[in-house]
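data.pdb, holding PDB, C-alpha atoms, pLDDT in the B column:
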```
ATOM      1  CA  MET A 939     -78.814  11.481 -47.320  1.00 45.00           C
ATOM      2  CA  LYS A 940     -79.894  10.927 -43.714  1.00 44.00           C
ATOM      3  CA  LYS A 941     -76.957  13.023 -42.510  1.00 47.00           C
ATOM      4  CA  LEU A 942     -77.938  15.858 -44.893  1.00 39.00           C
ATOM      5  CA  ILE A 943     -81.551  15.815 -43.663  1.00 36.00           C
ATOM      6  CA  ALA A 944     -80.371  15.834 -40.048  1.00 42.00           C
ATOM      7  CA  LEU A 945     -78.114  18.827 -40.793  1.00 41.00           C
ATOM      8  CA  LEU A 946     -80.978  20.726 -42.454  1.00 35.00           C
ATOM      9  CA  LEU A 947     -83.274  20.051 -39.500  1.00 35.00           C
ATOM     10  CA  LEU A 948     -80.567  21.260 -37.129  1.00 40.00           C
ATOM     11  CA  CYS A 949     -80.204  24.482 -39.109  1.00 40.00           C
ATOM     12  CA  LEU A 950     -83.957  25.055 -39.075  1.00 35.00           C
ATOM     13  CA  ALA A 951     -84.076  24.456 -35.345  1.00 40.00           C
ATOM     14  CA  PHE A 952     -81.565  27.257 -34.731  1.00 39.00           C
ATOM     15  CA  GLN A 953     -83.005  29.703 -37.280  1.00 33.00           C
ATOM     16  CA  PRO A 954     -85.564  31.430 -35.015  1.00 36.00           C
ATOM     17  CA  ALA A 955     -82.985  32.192 -32.318  1.00 30.00           C
ATOM     18  CA  LEU A 956     -80.549  33.554 -34.879  1.00 26.00           C
ATOM     19  CA  ALA A 957     -83.240  35.647 -36.559  1.00 33.00           C
ATOM     20  CA  SER A 958     -84.328  37.249 -33.291  1.00 49.00           C
ATOM     21  CA  ALA A 959     -80.811  37.820 -31.930  1.00 46.00           C
ATOM     22  CA  ARG A 960     -79.635  41.422 -32.281  1.00 85.00           C
ATOM     23  CA  GLU A 961     -77.849  44.049 -30.249  1.00 94.00           C
ATOM     24  CA  LEU A 962     -79.305  46.762 -28.062  1.00 97.00           C
ATOM     25  CA  VAL A 963     -77.895  50.109 -29.237  1.00 98.00           C
ATOM     26  CA  PHE A 964     -77.616  52.576 -26.352  1.00 98.00           C
ATOM     27  CA  ALA A 965     -77.439  56.238 -27.457  1.00 98.00           C
ATOM     28  CA  TYR A 966     -74.857  57.406 -24.926  1.00 97.00           C
ATOM     29  CA  ASN A 967     -74.371  61.090 -24.152  1.00 94.00           C
ATOM     30  CA  LEU A 968     -72.141  61.950 -21.207  1.00 91.00           C
ATOM     31  CA  PHE A 969     -74.120  63.167 -18.190  1.00 87.00           C
ATOM     32  CA  GLU A 970     -71.898  63.093 -15.126  1.00 82.00           C
ATOM     33  CA  PRO A 971     -72.002  61.480 -12.687  1.00 81.00           C
ATOM     34  CA  TRP A 972     -74.655  59.074 -14.048  1.00 87.00           C
ATOM     35  CA  LYS A 973     -73.215  58.554 -17.532  1.00 93.00           C
ATOM     36  CA  ARG A 974     -69.467  59.047 -17.627  1.00 91.00           C
ATOM     37  CA  LEU A 975     -66.237  57.472 -18.823  1.00 93.00           C
ATOM     38  CA  ASP A 976     -63.999  55.669 -16.337  1.00 93.00           C
ATOM     39  CA  ALA A 977     -60.204  55.883 -16.122  1.00 92.00           C
ATOM     40  CA  HIS A 978     -59.943  53.497 -19.084  1.00 94.00           C
ATOM     41  CA  GLY A 979     -62.350  55.491 -21.238  1.00 92.00           C
ATOM     42  CA  GLN A 980     -65.157  52.951 -20.798  1.00 94.00           C
ATOM     43  CA  PRO A 981     -68.802  53.906 -20.129  1.00 96.00           C
ATOM     44  CA  ALA A 982     -69.605  53.925 -16.412  1.00 95.00           C
ATOM     45  CA  GLY A 983     -71.998  55.450 -13.892  1.00 93.00           C
ATOM     46  CA  PRO A 984     -75.346  54.323 -12.436  1.00 93.00           C
ATOM     47  CA  TYR A 985     -77.506  55.048 -15.497  1.00 94.00           C
ATOM     48  CA  THR A 986     -75.016  53.050 -17.558  1.00 97.00           C
ATOM     49  CA  GLU A 987     -75.261  50.139 -15.123  1.00 96.00           C
ATOM     50  CA  ILE A 988     -79.075  50.190 -15.222  1.00 96.00           C
ATOM     51  CA  VAL A 989     -79.024  49.771 -19.005  1.00 97.00           C
ATOM     52  CA  ARG A 990     -76.303  47.108 -18.786  1.00 97.00           C
ATOM     53  CA  ALA A 991     -78.431  45.149 -16.315  1.00 97.00           C
ATOM     54  CA  LEU A 992     -81.521  45.555 -18.498  1.00 97.00           C
ATOM     55  CA  ALA A 993     -79.665  44.313 -21.592  1.00 97.00           C
ATOM     56  CA  GLY A 994     -78.477  41.329 -19.552  1.00 96.00           C
ATOM     57  CA  ARG A 995     -82.025  40.423 -18.549  1.00 96.00           C
ATOM     58  CA  LEU A 996     -83.138  40.739 -22.160  1.00 96.00           C
ATOM     59  CA  LYS A 997     -80.169  38.580 -23.219  1.00 96.00           C
ATOM     60  CA  LEU A 998     -79.133  41.183 -25.783  1.00 97.00           C
ATOM     61  CA  PRO A 999     -75.554  42.315 -26.466  1.00 97.00           C
ATOM     62  CA  LEU A1000     -75.156  45.991 -25.636  1.00 97.00           C
ATOM     63  CA  ARG A1001     -73.477  48.463 -27.997  1.00 97.00           C
ATOM     64  CA  PHE A1002     -72.718  52.042 -26.981  1.00 98.00           C
ATOM     65  CA  LEU A1003     -73.284  54.775 -29.562  1.00 97.00           C
ATOM     66  CA  GLN A1004     -71.368  57.669 -28.018  1.00 96.00           C
ATOM     67  CA  CYS A1005     -72.661  61.060 -29.156  1.00 96.00           C
ATOM     68  CA  PRO A1006     -73.505  64.565 -27.923  1.00 93.00           C
ATOM     69  CA  LEU A1007     -77.140  64.881 -26.842  1.00 93.00           C
ATOM     70  CA  PRO A1008     -78.472  66.410 -30.115  1.00 93.00           C
ATOM     71  CA  ARG A1009     -76.842  63.629 -32.184  1.00 96.00           C
ATOM     72  CA  CYS A1010     -78.112  60.950 -29.789  1.00 97.00           C
ATOM     73  CA  LEU A1011     -81.642  62.295 -30.160  1.00 97.00           C
ATOM     74  CA  SER A1012     -81.202  62.338 -33.942  1.00 97.00           C
ATOM     75  CA  ALA A1013     -80.053  58.691 -33.873  1.00 98.00           C
ATOM     76  CA  MET A1014     -83.151  57.783 -31.877  1.00 98.00           C
ATOM     77  CA  ARG A1015     -85.376  59.713 -34.273  1.00 97.00           C
ATOM     78  CA  GLN A1016     -83.904  57.827 -37.233  1.00 97.00           C
ATOM     79  CA  GLY A1017     -84.030  54.424 -35.520  1.00 96.00           C
ATOM     80  CA  ARG A1018     -80.225  54.047 -35.543  1.00 97.00           C
ATOM     81  CA  ALA A1019     -80.294  53.670 -31.748  1.00 98.00           C
ATOM     82  CA  ASP A1020     -82.775  51.818 -29.567  1.00 98.00           C
ATOM     83  CA  LEU A1021     -82.599  53.230 -26.061  1.00 98.00           C
ATOM     84  CA  MET A1022     -81.749  56.370 -24.089  1.00 98.00           C
ATOM     85  CA  ILE A1023     -81.804  57.134 -20.391  1.00 96.00           C
ATOM     86  CA  GLY A1024     -81.863  60.462 -18.554  1.00 88.00           C
ATOM     87  CA  VAL A1025     -83.845  62.502 -21.115  1.00 90.00           C
ATOM     88  CA  ARG A1026     -87.061  64.368 -20.338  1.00 88.00           C
ATOM     89  CA  PRO A1027     -90.249  63.941 -22.368  1.00 89.00           C
ATOM     90  CA  THR A1028     -91.243  66.974 -24.426  1.00 89.00           C
ATOM     91  CA  PRO A1029     -94.000  67.279 -27.056  1.00 90.00           C
ATOM     92  CA  GLU A1030     -91.384  67.154 -29.825  1.00 93.00           C
ATOM     93  CA  ARG A1031     -89.603  64.110 -28.384  1.00 95.00           C
ATOM     94  CA  LEU A1032     -92.824  62.184 -27.841  1.00 96.00           C
ATOM     95  CA  ALA A1033     -93.156  62.002 -31.628  1.00 97.00           C
ATOM     96  CA  TYR A1034     -90.140  59.665 -31.845  1.00 98.00           C
ATOM     97  CA  LEU A1035     -89.489  58.467 -28.264  1.00 98.00           C
ATOM     98  CA  ASP A1036     -91.660  56.024 -26.332  1.00 97.00           C
ATOM     99  CA  PHE A1037     -91.052  56.561 -22.608  1.00 96.00           C
ATOM    100  CA  LEU A1038     -91.194  53.265 -20.744  1.00 97.00           C
ATOM    101  CA  GLU A1039     -93.036  52.318 -17.581  1.00 94.00           C
ATOM    102  CA  PRO A1040     -92.305  52.214 -14.752  1.00 92.00           C
ATOM    103  CA  PRO A1041     -90.173  55.285 -13.949  1.00 90.00           C
ATOM    104  CA  PHE A1042     -86.830  54.238 -12.501  1.00 90.00           C
ATOM    105  CA  ALA A1043     -86.263  57.365 -10.349  1.00 83.00           C
ATOM    106  CA  SER A1044     -88.063  60.421  -9.030  1.00 76.00           C
ATOM    107  CA  SER A1045     -87.904  63.951 -10.399  1.00 66.00           C
ATOM    108  CA  ASN A1046     -84.759  66.042 -10.844  1.00 72.00           C
ATOM    109  CA  HIS A1047     -83.565  68.884  -8.603  1.00 82.00           C
ATOM    110  CA  LEU A1048     -82.199  71.803 -10.632  1.00 88.00           C
ATOM    111  CA  VAL A1049     -79.769  74.365  -9.215  1.00 93.00           C
ATOM    112  CA  PHE A1050     -77.871  77.428 -10.402  1.00 96.00           C
ATOM    113  CA  TYR A1051     -74.202  78.354 -10.168  1.00 97.00           C
ATOM    114  CA  GLN A1052     -72.537  81.768 -10.287  1.00 97.00           C
ATOM    115  CA  ARG A1053     -68.934  82.926 -10.310  1.00 97.00           C
ATOM    116  CA  ARG A1054     -67.536  83.202  -6.831  1.00 96.00           C
ATOM    117  CA  GLY A1055     -67.547  86.856  -5.780  1.00 94.00           C
ATOM    118  CA  ASP A1056     -70.392  87.875  -8.091  1.00 95.00           C
ATOM    119  CA  PRO A1057     -72.350  90.404  -5.960  1.00 95.00           C
ATOM    120  CA  ARG A1058     -75.646  89.916  -7.844  1.00 95.00           C
ATOM    121  CA  ALA A1059     -78.242  88.029  -5.808  1.00 92.00           C
ATOM    122  CA  LEU A1060     -79.667  84.869  -7.345  1.00 96.00           C
ATOM    123  CA  ALA A1061     -82.270  83.783  -4.816  1.00 95.00           C
ATOM    124  CA  ARG A1062     -85.571  84.439  -6.640  1.00 95.00           C
ATOM    125  CA  TYR A1063     -86.617  83.401 -10.141  1.00 95.00           C
ATOM    126  CA  ASP A1064     -86.861  87.051 -11.290  1.00 96.00           C
ATOM    127  CA  ASP A1065     -83.179  87.497 -10.392  1.00 96.00           C
ATOM    128  CA  LEU A1066     -82.440  85.521 -13.585  1.00 96.00           C
ATOM    129  CA  LEU A1067     -83.983  88.117 -15.890  1.00 96.00           C
ATOM    130  CA  PRO A1068     -80.985  90.517 -16.155  1.00 96.00           C
ATOM    131  CA  LEU A1069     -78.529  87.617 -16.537  1.00 97.00           C
ATOM    132  CA  THR A1070     -77.241  85.413 -19.325  1.00 97.00           C
ATOM    133  CA  VAL A1071     -77.881  81.834 -18.246  1.00 97.00           C
ATOM    134  CA  GLY A1072     -75.726  78.976 -19.503  1.00 96.00           C
ATOM    135  CA  VAL A1073     -77.594  75.856 -20.642  1.00 95.00           C
ATOM    136  CA  ALA A1074     -76.569  72.598 -22.300  1.00 88.00           C
ATOM    137  CA  GLU A1075     -77.440  72.119 -25.969  1.00 86.00           C
ATOM    138  CA  GLY A1076     -80.599  70.092 -26.472  1.00 82.00           C
ATOM    139  CA  VAL A1077     -81.350  69.706 -22.748  1.00 83.00           C
ATOM    140  CA  SER A1078     -84.883  70.265 -21.457  1.00 82.00           C
ATOM    141  CA  TYR A1079     -84.969  71.526 -17.872  1.00 86.00           C
ATOM    142  CA  GLU A1080     -88.258  72.606 -16.251  1.00 84.00           C
ATOM    143  CA  ALA A1081     -91.345  73.521 -18.273  1.00 82.00           C
ATOM    144  CA  GLY A1082     -91.711  77.095 -16.991  1.00 89.00           C
ATOM    145  CA  PHE A1083     -88.015  77.850 -17.450  1.00 92.00           C
ATOM    146  CA  ASP A1084     -87.900  76.214 -20.895  1.00 89.00           C
ATOM    147  CA  ARG A1085     -90.844  78.306 -22.158  1.00 91.00           C
ATOM    148  CA  ASP A1086     -89.774  81.614 -20.593  1.00 95.00           C
ATOM    149  CA  LEU A1087     -88.735  83.883 -23.479  1.00 94.00           C
ATOM    150  CA  ARG A1088     -87.471  86.518 -21.031  1.00 96.00           C
ATOM    151  CA  ILE A1089     -84.463  84.364 -20.131  1.00 96.00           C
ATOM    152  CA  ARG A1090     -81.314  85.020 -22.156  1.00 97.00           C
ATOM    153  CA  ARG A1091     -79.664  81.656 -22.778  1.00 97.00           C
ATOM    154  CA  ASP A1092     -76.210  80.678 -23.950  1.00 96.00           C
ATOM    155  CA  ALA A1093     -75.931  77.043 -25.069  1.00 94.00           C
ATOM    156  CA  SER A1094     -72.816  74.873 -24.700  1.00 91.00           C
ATOM    157  CA  PRO A1095     -72.175  71.327 -25.964  1.00 87.00           C
ATOM    158  CA  GLY A1096     -72.200  70.077 -22.368  1.00 84.00           C
ATOM    159  CA  MET A1097     -72.055  71.168 -18.759  1.00 87.00           C
ATOM    160  CA  GLU A1098     -68.271  71.004 -18.592  1.00 90.00           C
ATOM    161  CA  SER A1099     -68.124  73.648 -21.330  1.00 92.00           C
ATOM    162  CA  GLY A1100     -70.813  75.599 -19.495  1.00 94.00           C
ATOM    163  CA  PHE A1101     -68.758  75.678 -16.301  1.00 95.00           C
ATOM    164  CA  ARG A1102     -65.747  76.897 -18.284  1.00 96.00           C
ATOM    165  CA  LYS A1103     -67.815  79.746 -19.709  1.00 97.00           C
ATOM    166  CA  LEU A1104     -69.082  80.612 -16.238  1.00 97.00           C
ATOM    167  CA  ALA A1105     -65.594  80.623 -14.714  1.00 96.00           C
ATOM    168  CA  ALA A1106     -64.336  82.787 -17.596  1.00 95.00           C
ATOM    169  CA  GLY A1107     -67.188  85.294 -17.232  1.00 95.00           C
ATOM    170  CA  ARG A1108     -68.823  84.474 -20.573  1.00 96.00           C
ATOM    171  CA  VAL A1109     -72.139  83.663 -18.859  1.00 97.00           C
ATOM    172  CA  ASP A1110     -73.520  85.032 -15.584  1.00 97.00           C
ATOM    173  CA  ALA A1111     -75.187  81.879 -14.262  1.00 97.00           C
ATOM    174  CA  LEU A1112     -75.542  78.213 -15.103  1.00 97.00           C
ATOM    175  CA  ILE A1113     -78.532  75.892 -14.647  1.00 95.00           C
ATOM    176  CA  VAL A1114     -77.649  72.270 -13.952  1.00 91.00           C
ATOM    177  CA  ASN A1115     -78.915  69.110 -12.273  1.00 83.00           C
ATOM    178  CA  ALA A1116     -77.907  69.260  -8.595  1.00 83.00           C
ATOM    179  CA  SER A1117     -75.772  66.104  -8.531  1.00 78.00           C
ATOM    180  CA  GLN A1118     -74.122  66.850 -11.866  1.00 82.00           C
ATOM    181  CA  GLY A1119     -73.336  70.401 -10.750  1.00 88.00           C
ATOM    182  CA  ALA A1120     -71.838  69.223  -7.464  1.00 87.00           C
ATOM    183  CA  ALA A1121     -69.603  66.723  -9.275  1.00 83.00           C
ATOM    184  CA  LEU A1122     -68.301  69.326 -11.737  1.00 88.00           C
ATOM    185  CA  ALA A1123     -67.970  72.232  -9.293  1.00 91.00           C
ATOM    186  CA  THR A1124     -65.494  70.278  -7.150  1.00 90.00           C
ATOM    187  CA  ARG A1125     -63.103  69.621 -10.021  1.00 90.00           C
ATOM    188  CA  PRO A1126     -59.755  71.409  -9.590  1.00 93.00           C
ATOM    189  CA  GLU A1127     -60.486  73.447 -12.734  1.00 94.00           C
ATOM    190  CA  PHE A1128     -63.578  75.020 -11.138  1.00 95.00           C
ATOM    191  CA  ALA A1129     -63.134  74.665  -7.369  1.00 92.00           C
ATOM    192  CA  GLY A1130     -62.970  78.105  -5.750  1.00 92.00           C
ATOM    193  CA  ARG A1131     -64.103  79.832  -8.958  1.00 96.00           C
ATOM    194  CA  VAL A1132     -67.827  78.998  -8.896  1.00 96.00           C
ATOM    195  CA  THR A1133     -70.438  78.783  -6.172  1.00 96.00           C
ATOM    196  CA  ARG A1134     -73.948  77.401  -5.938  1.00 96.00           C
ATOM    197  CA  ALA A1135     -76.692  80.057  -5.754  1.00 96.00           C
ATOM    198  CA  PRO A1136     -79.696  79.806  -3.387  1.00 95.00           C
ATOM    199  CA  LEU A1137     -82.209  79.577  -6.283  1.00 94.00           C
ATOM    200  CA  THR A1138     -83.486  76.083  -7.128  1.00 92.00           C
ATOM    201  CA  LEU A1139     -86.111  74.620  -9.473  1.00 90.00           C
ATOM    202  CA  ASP A1140     -87.748  71.204  -9.488  1.00 82.00           C
ATOM    203  CA  ASP A1141     -88.546  69.200 -12.602  1.00 70.00           C
ATOM    204  CA  ARG A1142     -91.627  67.179 -11.663  1.00 71.00           C
ATOM    205  CA  HIS A1143     -91.212  64.606 -14.441  1.00 74.00           C
ATOM    206  CA  PRO A1144     -90.007  61.242 -13.069  1.00 82.00           C
ATOM    207  CA  ASN A1145     -87.109  59.617 -14.892  1.00 88.00           C
ATOM    208  CA  ARG A1146     -87.954  57.000 -17.528  1.00 92.00           C
ATOM    209  CA  LEU A1147     -86.035  55.077 -20.150  1.00 97.00           C
ATOM    210  CA  ALA A1148     -86.871  56.034 -23.729  1.00 98.00           C
ATOM    211  CA  LEU A1149     -87.316  53.529 -26.548  1.00 98.00           C
ATOM    212  CA  ALA A1150     -87.023  54.764 -30.140  1.00 98.00           C
ATOM    213  CA  ARG A1151     -90.362  54.448 -31.920  1.00 97.00           C
ATOM    214  CA  ARG A1152     -88.497  53.377 -35.064  1.00 97.00           C
ATOM    215  CA  SER A1153     -86.413  50.773 -33.215  1.00 97.00           C
ATOM    216  CA  PRO A1154     -86.872  47.133 -34.270  1.00 95.00           C
ATOM    217  CA  LEU A1155     -87.156  46.429 -30.535  1.00 95.00           C
ATOM    218  CA  ARG A1156     -90.351  48.474 -30.223  1.00 95.00           C
ATOM    219  CA  ALA A1157     -92.289  45.310 -31.005  1.00 94.00           C
ATOM    220  CA  ASP A1158     -90.775  43.925 -27.775  1.00 95.00           C
ATOM    221  CA  LYS A1159     -91.809  46.927 -25.661  1.00 96.00           C
ATOM    222  CA  ALA A1160     -93.941  44.801 -23.310  1.00 96.00           C
ATOM    223  CA  ARG A1161     -91.014  42.409 -22.740  1.00 96.00           C
ATOM    224  CA  ILE A1162     -88.639  45.309 -22.045  1.00 97.00           C
ATOM    225  CA  GLU A1163     -91.056  46.905 -19.572  1.00 97.00           C
ATOM    226  CA  GLN A1164     -91.547  43.535 -17.870  1.00 97.00           C
ATOM    227  CA  ALA A1165     -87.777  43.218 -17.410  1.00 97.00           C
ATOM    228  CA  LEU A1166     -87.607  46.763 -16.052  1.00 96.00           C
ATOM    229  CA  ARG A1167     -90.437  46.054 -13.596  1.00 95.00           C
ATOM    230  CA  GLY A1168     -88.533  43.003 -12.435  1.00 96.00           C
ATOM    231  CA  MET A1169     -85.438  45.136 -11.807  1.00 95.00           C
ATOM    232  CA  MET A1170     -87.514  47.603  -9.790  1.00 94.00           C
ATOM    233  CA  ALA A1171     -89.302  44.863  -7.843  1.00 93.00           C
ATOM    234  CA  ASP A1172     -86.173  42.940  -6.823  1.00 94.00           C
ATOM    235  CA  GLY A1173     -84.297  46.098  -5.815  1.00 92.00           C
ATOM    236  CA  SER A1174     -81.671  45.980  -8.578  1.00 94.00           C
ATOM    237  CA  VAL A1175     -82.282  49.578  -9.693  1.00 92.00           C
ATOM    238  CA  ALA A1176     -82.450  50.851  -6.109  1.00 89.00           C
ATOM    239  CA  ARG A1177     -79.105  49.198  -5.286  1.00 90.00           C
ATOM    240  CA  ILE A1178     -77.427  50.717  -8.358  1.00 90.00           C
ATOM    241  CA  LEU A1179     -78.701  54.210  -7.542  1.00 83.00           C
ATOM    242  CA  ALA A1180     -77.942  53.864  -3.813  1.00 80.00           C
ATOM    243  CA  ALA A1181     -74.361  52.854  -4.569  1.00 75.00           C
ATOM    244  CA  ALA A1182     -73.993  56.105  -6.524  1.00 63.00           C
ATOM    245  CA  GLY A1183     -75.575  58.155  -3.746  1.00 53.00           C
ATOM    246  CA  ARG A1184     -78.496  59.343  -5.875  1.00 48.00           C
TER
END
```

How does this structure look as structure tokens?
Amino acid sequence: MKKLIALLLLCLAFQPALASARELVFAYNLFEPWKRLDAHGQPAGPYTEIVRALAGRLKLPLRFLQCPLPRCLSAMRQGRADLMIGVRPTPERLAYLDFLEPPFASSNHLVFYQRRGDPRALARYDDLLPLTVGVAEGVSYEAGFDRDLRIRRDASPGMESGFRKLAAGRVDALIVNASQGAALATRPEFAGRVTRAPLTLDDRHPNRLALARRSPLRADKARIEQALRGMMADGSVARILAAAGR
């Protein structure tokens, strides 16, 4: 009888830890070079490492839910995923995403690419108006550009597809984050076929992690933000981004 009571007390002692233990589901859309797959097909890149480090500090196992951006956003909306990184806040997204403090990086620099040899100038914003501009499905860029109904857009599942359309002449220009564009433009498939245009835009929104409002972890938002602040304060985030040359 004493042994049975001792066993029951032991089980009760471990119950709270077991009840609170769960995984952190990371909605993972490819966004080179920050979110990519390595030579073994495993998630890699600086944004990936930031979330890995955060999960480690929270002592939560990390599970990757790999999906195109629209499906990742849908998973966050439904509460099937907990966290995203590298997405901009928009009025629609704020209804189901809670953007965490502090920001982990400054604003994005947006650039445009054209086919090499295209004689049309792309140095001023109005130079976009006669063109068909390639964009990535579900991506929000800069507020003025996003709202401008004069711009003819052609959406692709991702920037790799967008560069293929540009090289093949199916779009006239492509808008892309500067670092992502540089990484893709140097690939053998595109090198010598595309060139960066002089026109640039700046997205003034700093980069934040997004927590799904329907995530069970939303109750732990303060704990997650505390862990993120610790990573910023001790230089962990800065070291990860510096190693990637961001």

- Please provide the set of residues having any atom within 12 Å of Lys1103 in chain A, restricted to all atoms listed in the file, with same-chain residues fewer than 2 positions apart removed, written as a PyMOL selection string. chain A and resi 1051-1053+1070-1074+1092-1101+1105-1112+1127-1128+1131-1132

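Comparing A:Leu1122, A:Leu1155, A:Ala982, A:Leu1038 by their smallest distance to Arg960 in chain A, the closest is A:Leu1155 (using only C-alpha atoms).
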
- Message: If the PyMOL selection byres ((chain A and resi 1156) around 12) were run on this exact file, what residues would it hold? Put them as a ChimeraX atom specification.
- Response: /A:962,1014,1017,1019-1021,1034-1038,1148-1155,1157-1163

- Between A:Glu970, A:Glu987, A:Asp1084, A:Asp976, smallest distance to Ile1113 in chain A by all atoms listed in the file belongs to A:Asp1084

- Message: Given the PyMOL selection byres ((chain A and resi 1024) around 8) and the file above, list the residues it selects as a PyMOL selection string.
- Response: chain A and resi 985+1022-1023+1025-1026+1145-1147

Quick one: everything within 9 Å of range 993-995 of chain A, counting only C-alpha atoms, minus sequence neighbours fewer than 3 positions away in the same chain. Send it as a PDB file with C-alpha atoms, in the frame of the given file.
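Contents of result-v9.pdb, freshly written:
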```pdb
ATOM      1  CA  GLU A 961     -77.849  44.049 -30.249  1.00 94.00           C
ATOM      2  CA  LEU A 962     -79.305  46.762 -28.062  1.00 97.00           C
ATOM      3  CA  ILE A 988     -79.075  50.190 -15.222  1.00 96.00           C
ATOM      4  CA  VAL A 989     -79.024  49.771 -19.005  1.00 97.00           C
ATOM      5  CA  ARG A 990     -76.303  47.108 -18.786  1.00 97.00           C
ATOM      6  CA  LEU A 998     -79.133  41.183 -25.783  1.00 97.00           C
ATOM      7  CA  PRO A 999     -75.554  42.315 -26.466  1.00 97.00           C
ATOM      8  CA  LEU A1000     -75.156  45.991 -25.636  1.00 97.00           C
ATOM      9  CA  ILE A1162     -88.639  45.309 -22.045  1.00 97.00           C
ATOM     10  CA  ALA A1165     -87.777  43.218 -17.410  1.00 97.00           C
ATOM     11  CA  LEU A1166     -87.607  46.763 -16.052  1.00 96.00           C
ATOM     12  CA  MET A1169     -85.438  45.136 -11.807  1.00 95.00           C
TER      13      MET A1169
END
```

- Run through the PyMOL selection byres ((chain A and resi 1143) around 10) on the given coordinates and return the selected residues as a list in words. Arg1026, Pro1027, Pro1041, Ala1043, Ser1044, Ser1045, Asn1046, Tyr1079, Glu1080, Ala1081, Asp1140, Asp1141, Arg1142, Pro1144, Asn1145 and Arg1146 of chain A
